[in-house]
Amino acid sequence: MFEQEVKKIIAKAAGLKEIEIALETPPHLDMGDYAFPCFVLAKTMKKNPVAIAEELQKKIKPDAYIEKVKNNGPYLNFFINKKAFNESIIKKILSEKENCGKGKASKEKVMIEYSQPNTHKEFHVGHLRTLFLGESLSRIYEFSGVKVIRANYIGDVGTHIAICLWCYLKFHAKDKIPENKGKYLGKLYVEGVKKVEDNPAYKKEVSEIHQKLENDDKQLIALWKKTKEWSMSEFLAIYKEFDVHFDKIYFESEVEKEGKSIAEILLKKGIAKIDQGAILVDLQKYDLGVFLIKKSDGTSLYATKDLALASRKFKEFAIDESIYVVDSRQKMYFQQLFKVLALMGFTKKLLHLPYEFVALKEGPISSRKGIMALYEEVRDAMIKKSYEETKKRHADWNEKKIMQNAKQITLSALRFSILKIDHNKVITFDIDEALDFEGETGPYIQYAHARICSILKNYGKKTDAKADFSLLHEPEEKELLLLLQQFPFMVADAKEHYKPALMARYLLDLSQKFNEYYHKHQILKEKESVKKARLLLVSAVKIVLANGLLLLGIDALDEM
RNA sequence: GGGCCAGUAGCCUAGCCUGGAUAGGGCGACAGCCUUCUAAGCUGUAGGUCGUGGGUUCAAAUCCCACCUGGCCCGCCA
């Protein structure tokens, strides 16, 4: 709003219709609020930028929006009217509250598919990235006014299941089943893979199990159903823990038969061909290699099923777009999949949102190599640490309250540590870092929020929205106000670039500025007029912090 | 061999799309700050060939080209 006014004023003074470039923010606050670099006018006006700045400065007079204009070398720096600026920002946030930054509801409907774990495998920290990213994107989309269908696509069939069940039947049929059944299945899978690697003759046995499963062998299906539930109950518990609620859970097993028939249709239509007994689509003329859609032993692949799932999604939910939040290692796979769908005549909007994987210091996560970080183990270690930290700080809290706080801290620390990193960077997960709740962490932001709550609580009275906002003239207050004003733009940016990391970074900035302010300036000890203005400012900060955290899937805490 | 992604202080990271004033943070290190609204906090110090070399530009971490390094992907895994 203020930027537009400033641009109009410059255009008028320079005799132009409009200023096309965005204004900049000067490197220092005392240099002004908006900067216009005069280089851009140097060519058309045929003068050096320093002279242009000088000339424009003389032409521009202060008005309701502009307090002062100053030329600084080739820059023209604007000081906006503090009172009007402060008041407009704070009042807007205080009146909009949890709706602050929210976009207008549109008719657009998008399905976001994320998490997609495989049953019969262990759930490790690497699986958290798609979960957090997908959920946060869903929240950002919804907040922006888009209707979101949260979908999960569980890998409940495939070679890995065959290996796991084969290993169980052949070597562990008489095992006493341990309490953590999900983990037990993961171990069976890893053991099975090793056995097959060491003895290739077992491969045939696994393939037989796989075929029997796909041909509805009664006994095997019963075992499969039972063990699948073991994994599913583990997954559902984790989703609940992270407050993730899927609108639709697809299982690969649901689309397998349909996928196989699509493979046959593609074969008949001549889009696909048989090569070495397998069905594939040759995409070499599109520089996409060949795409295998059915194995030579007749069993299905990921691709077989995805071909069927794509159209099912659009039919069932009348969505406008389908976004797949999947590991970047499958980039090529999705290019191939989308191309084949296009060749089939599928014209809907599909997007693969790739993210880089999570590795450990020792290398990429691989249970076979013993490079593992199971989610539940990491979580429990973090809870233990945050429990101790909480207890240290709050001798008067009861067990329940301490534990509740410890869990909140843990989940926010874990979530934030992954979301703050740009999704196309490989994350090296370090348990020591995960156990650190200081610095650029989720708890840091929650702490800023809790401090504001504490101030408001100590003040005791309700704050009305009336105050003299020109009293907010400290540099730290100005920085906070500038950040607050940016919030709606950050939401839009995060959506446009599919980057919750932008929101995470913004919240760190805002928290940091608040903490600096908190240390430098007292609020409750100030005289009434200043106190009022400051209370309203920090109330606005509190609202924005809470809204931003919610978009990341993190709860704002009132105390900690 | 082809393709994608990344390279910014000891370590991690922002900025790159949309070029602009002194490259922001965090961890770790060192020195400080709790009779003052929660020290999961704050202040200060040290630490930088923005991978390398060209090009474009008045101006390049940012745009273009080449190269180097690392990761990942390229038909019976998912």
# chains A, B, ... in the order shown; residues from 1 in each chain; ligands from 1
>>> closest_atom_pairs(of="range 485-542 of chain A", to="range 16-30 of chain B", cutoff="10 Å", atoms="only C-alpha atoms (C1' of nucleotides)", output="JSON lines")
{"residue": "A:His497", "atom": "CA", "partner": "B:C17", "partner_atom": "C1'", "distance": 9.3}
{"residue": "A:Arg505", "atom": "CA", "partner": "B:G25", "partner_atom": "C1'", "distance": 9.3}
{"residue": "A:Leu508", "atom": "CA", "partner": "B:G25", "partner_atom": "C1'", "distance": 8.9}
{"residue": "A:Asp509", "atom": "CA", "partner": "B:G25", "partner_atom": "C1'", "distance": 8.5}
{"residue": "A:Gln512", "atom": "CA", "partner": "B:G25", "partner_atom": "C1'", "distance": 9.6}
>>> write_last_selection(atoms="C-alpha atoms", output="compact mmCIF listing (two decimals), in the first residue's frame")
# COMPACT_ATOMS: atom_id res chain seq x y z
CA HIS A 497 7.23 -21.66 -4.68
CA ARG A 505 12.68 -18.53 7.95
CA LEU A 508 12.73 -17.10 12.79
CA ASP A 509 13.33 -13.51 11.70
CA GLN A 512 14.57 -12.95 16.64
>>> select_by_dssp(residues="range 239-444 of chain A", states="strand (DSSP E or B)", output="ChimeraX atom specification")
/A:248-251,273-275,278-282,290-294,321-327,349-355,358-360,363-364,366,371,374,427-429
>>> closest_atom_pairs(of="chain A", to="chain B", cutoff="8 Å", atoms="only C-alpha atoms (C1' of nucleotides)", output="CSV")
residue,atom,partner,partner_atom,distance
A:Pro26,CA,B:A21,C1',7.5
A:Pro27,CA,B:A21,C1',6.9
A:Pro37,CA,B:G20,C1',7.2
A:Phe39,CA,B:C58,C1',7.9
A:Thr159,CA,B:C77,C1',7.6
A:Ala278,CA,B:C76,C1',6.9
A:Leu280,CA,B:G75,C1',7.3
A:Gly289,CA,B:C74,C1',7.3
A:Val290,CA,B:G75,C1',6.1
A:Phe291,CA,B:G75,C1',6.3
A:Leu292,CA,B:G75,C1',5.3
A:Lys294,CA,B:C76,C1',7.8
A:Lys295,CA,B:C76,C1',5.0
A:Ser296,CA,B:C76,C1',6.4
A:Tyr302,CA,B:A78,C1',6.6
A:Ser328,CA,B:C72,C1',7.9
A:Arg329,CA,B:C73,C1',5.9
A:Gln330,CA,B:C73,C1',7.3
A:Lys331,CA,B:C73,C1',7.5
A:Met332,CA,B:C73,C1',6.6
A:Ile421,CA,B:U13,C1',7.6
A:Asn424,CA,B:C5,C1',6.9
A:Lys425,CA,B:A6,C1',6.7
A:Phe437,CA,B:A40,C1',6.0
A:Glu438,CA,B:A40,C1',5.7
A:Gly439,CA,B:G26,C1',5.7
A:Glu440,CA,B:G26,C1',5.5
A:Pro443,CA,B:A40,C1',6.5
A:Tyr444,CA,B:A40,C1',6.5
A:Tyr447,CA,B:A40,C1',6.8
A:Arg451,CA,B:U38,C1',6.4
A:Ser454,CA,B:C37,C1',7.2
A:Ile455,CA,B:C37,C1',5.0
A:Asn458,CA,B:C37,C1',7.1
A:Arg505,CA,B:A14,C1',7.8
A:Asn515,CA,B:G41,C1',7.1
A:Glu516,CA,B:C42,C1',6.7
A:His519,CA,B:C42,C1',6.1
A:Gln522,CA,B:C37,C1',6.9
A:Ile523,CA,B:C37,C1',6.7
A:Leu524,CA,B:C37,C1',6.1
A:Met560,CA,B:U38,C1',7.9
>>> write_last_selection(atoms="C-alpha atoms", output="compact mmCIF listing (two decimals), in the first residue's frame")
# COMPACT_ATOMS: atom_id res chain seq x y z
CA PRO A 26 17.72 0.32 2.45
CA PRO A 27 20.44 -1.65 4.26
CA PRO A 37 17.72 3.21 -7.18
CA PHE A 39 20.28 3.89 -12.09
CA THR A 159 8.09 -57.01 -4.10
CA ALA A 278 7.79 -57.50 -19.95
CA LEU A 280 7.01 -51.33 -21.57
CA GLY A 289 14.13 -43.84 -21.94
CA VAL A 290 11.76 -46.77 -21.60
CA PHE A 291 9.02 -47.12 -19.04
CA LEU A 292 8.29 -50.57 -17.70
CA LYS A 294 4.45 -54.85 -16.18
CA LYS A 295 7.12 -57.31 -15.20
CA SER A 296 7.98 -60.40 -17.20
CA TYR A 302 4.75 -48.99 -9.06
CA SER A 328 13.42 -36.28 -6.13
CA ARG A 329 15.00 -39.62 -6.99
CA GLN A 330 11.72 -40.36 -8.72
CA LYS A 331 11.83 -37.31 -10.95
CA MET A 332 12.51 -39.33 -14.06
CA ILE A 421 15.69 -26.40 5.07
CA ASN A 424 15.83 -29.37 -2.70
CA LYS A 425 18.72 -29.69 -0.32
CA PHE A 437 16.38 -26.90 21.31
CA GLU A 438 18.27 -23.62 21.01
CA GLY A 439 19.04 -21.35 18.09
CA GLU A 440 17.13 -21.73 14.83
CA PRO A 443 11.06 -24.08 20.29
CA TYR A 444 12.82 -20.75 19.68
CA TYR A 447 9.40 -19.36 23.17
CA ARG A 451 6.95 -14.69 26.25
CA SER A 454 3.35 -14.04 29.57
CA ILE A 455 3.53 -10.27 29.14
CA ASN A 458 1.05 -10.14 33.62
CA ARG A 505 12.68 -18.53 7.95
CA ASN A 515 13.58 -11.26 21.33
CA GLU A 516 15.94 -8.36 20.66
CA HIS A 519 15.61 -7.50 25.93
CA GLN A 522 10.49 -2.93 28.86
CA ILE A 523 6.81 -2.94 28.15
CA LEU A 524 4.93 -3.22 31.42
CA MET A 560 6.89 -23.40 28.16
>>> select_by_dssp(residues="range 269-365 of chain A", states="helix (DSSP H, G or I)", output="MDAnalysis selection string")
chainID A and resid 269 284:286 302:317 328:343
>>> write_last_selection(atoms="C-alpha atoms", output="PDB file, in the first residue's frame")
ATOM      1  CA  LYS A 269      -3.345 -49.668 -28.739  1.00  0.00           C
ATOM      2  CA  GLN A 284      13.190 -42.664 -26.212  1.00  0.00           C
ATOM      3  CA  LYS A 285      11.955 -40.172 -28.773  1.00  0.00           C
ATOM      4  CA  TYR A 286      11.028 -37.910 -25.839  1.00  0.00           C
ATOM      5  CA  TYR A 302       4.751 -48.992  -9.058  1.00  0.00           C
ATOM      6  CA  ALA A 303       4.052 -47.707 -12.552  1.00  0.00           C
ATOM      7  CA  THR A 304       1.307 -50.234 -13.239  1.00  0.00           C
ATOM      8  CA  LYS A 305      -0.648 -48.940 -10.296  1.00  0.00           C
ATOM      9  CA  ASP A 306       0.082 -45.229 -10.707  1.00  0.00           C
ATOM     10  CA  LEU A 307      -1.402 -45.333 -14.197  1.00  0.00           C
ATOM     11  CA  ALA A 308      -4.714 -46.357 -12.693  1.00  0.00           C
ATOM     12  CA  LEU A 309      -4.560 -44.091  -9.675  1.00  0.00           C
ATOM     13  CA  ALA A 310      -4.137 -40.839 -11.604  1.00  0.00           C
ATOM     14  CA  SER A 311      -7.536 -40.895 -13.292  1.00  0.00           C
ATOM     15  CA  ARG A 312      -9.234 -42.322 -10.229  1.00  0.00           C
ATOM     16  CA  LYS A 313      -8.211 -39.268  -8.217  1.00  0.00           C
ATOM     17  CA  PHE A 314      -9.832 -36.853 -10.644  1.00  0.00           C
ATOM     18  CA  LYS A 315     -12.974 -38.939 -10.961  1.00  0.00           C
ATOM     19  CA  GLU A 316     -13.524 -39.361  -7.245  1.00  0.00           C
ATOM     20  CA  PHE A 317     -12.835 -35.822  -6.120  1.00  0.00           C
ATOM     21  CA  SER A 328      13.416 -36.280  -6.131  1.00  0.00           C
ATOM     22  CA  ARG A 329      15.001 -39.618  -6.988  1.00  0.00           C
ATOM     23  CA  GLN A 330      11.721 -40.360  -8.716  1.00  0.00           C
ATOM     24  CA  LYS A 331      11.826 -37.312 -10.948  1.00  0.00           C
ATOM     25  CA  MET A 332      12.511 -39.329 -14.059  1.00  0.00           C
ATOM     26  CA  TYR A 333       9.862 -41.826 -13.075  1.00  0.00           C
ATOM     27  CA  PHE A 334       7.205 -39.109 -12.866  1.00  0.00           C
ATOM     28  CA  GLN A 335       8.265 -37.555 -16.157  1.00  0.00           C
ATOM     29  CA  GLN A 336       7.767 -40.960 -17.713  1.00  0.00           C
ATOM     30  CA  LEU A 337       4.481 -41.567 -15.928  1.00  0.00           C
ATOM     31  CA  PHE A 338       3.046 -38.193 -16.938  1.00  0.00           C
ATOM     32  CA  LYS A 339       4.189 -38.706 -20.508  1.00  0.00           C
ATOM     33  CA  VAL A 340       2.525 -42.099 -20.765  1.00  0.00           C
ATOM     34  CA  LEU A 341      -0.658 -40.676 -19.263  1.00  0.00           C
ATOM     35  CA  ALA A 342      -0.540 -37.916 -21.862  1.00  0.00           C
ATOM     36  CA  LEU A 343      -0.112 -40.514 -24.614  1.00  0.00           C
TER      37      LEU A 343
END
>>> atom_distance(atom1="C1' of G55 in chain B", atom2="CA of Thr44 in chain A")
25.6 Å
>>> closest_residue(among="A:Asp555, A:Glu113, A:Asp243, A:Glu205", to="Ala450 in chain A", atoms="only C-alpha atoms")
A:Asp555
>>> residues_around(residues="Leu16 in chain A", least_positions_apart="5", cutoff="12 Å", atoms="only C-alpha atoms (C1' of nucleotides)", output="list in words")
Lys7, Lys8, Ile9, Ile10, Ala11, Leu41, Thr44 and Met45 of chain A
>>> write_last_selection(atoms="C-alpha atoms", output="PDB file, in the first residue's frame")
ATOM      1  CA  LYS A   7       5.972   4.734  -6.668  1.00  0.00           C
ATOM      2  CA  LYS A   8       3.237   7.076  -7.840  1.00  0.00           C
ATOM      3  CA  ILE A   9       5.036   9.998  -6.314  1.00  0.00           C
ATOM      4  CA  ILE A  10       8.310   9.105  -7.988  1.00  0.00           C
ATOM      5  CA  ALA A  11       6.624   8.626 -11.342  1.00  0.00           C
ATOM      6  CA  LEU A  41      16.454   6.309 -15.031  1.00  0.00           C
ATOM      7  CA  THR A  44      16.352   7.574 -20.416  1.00  0.00           C
ATOM      8  CA  MET A  45      17.135  10.835 -18.647  1.00  0.00           C
TER       9      MET A  45
END
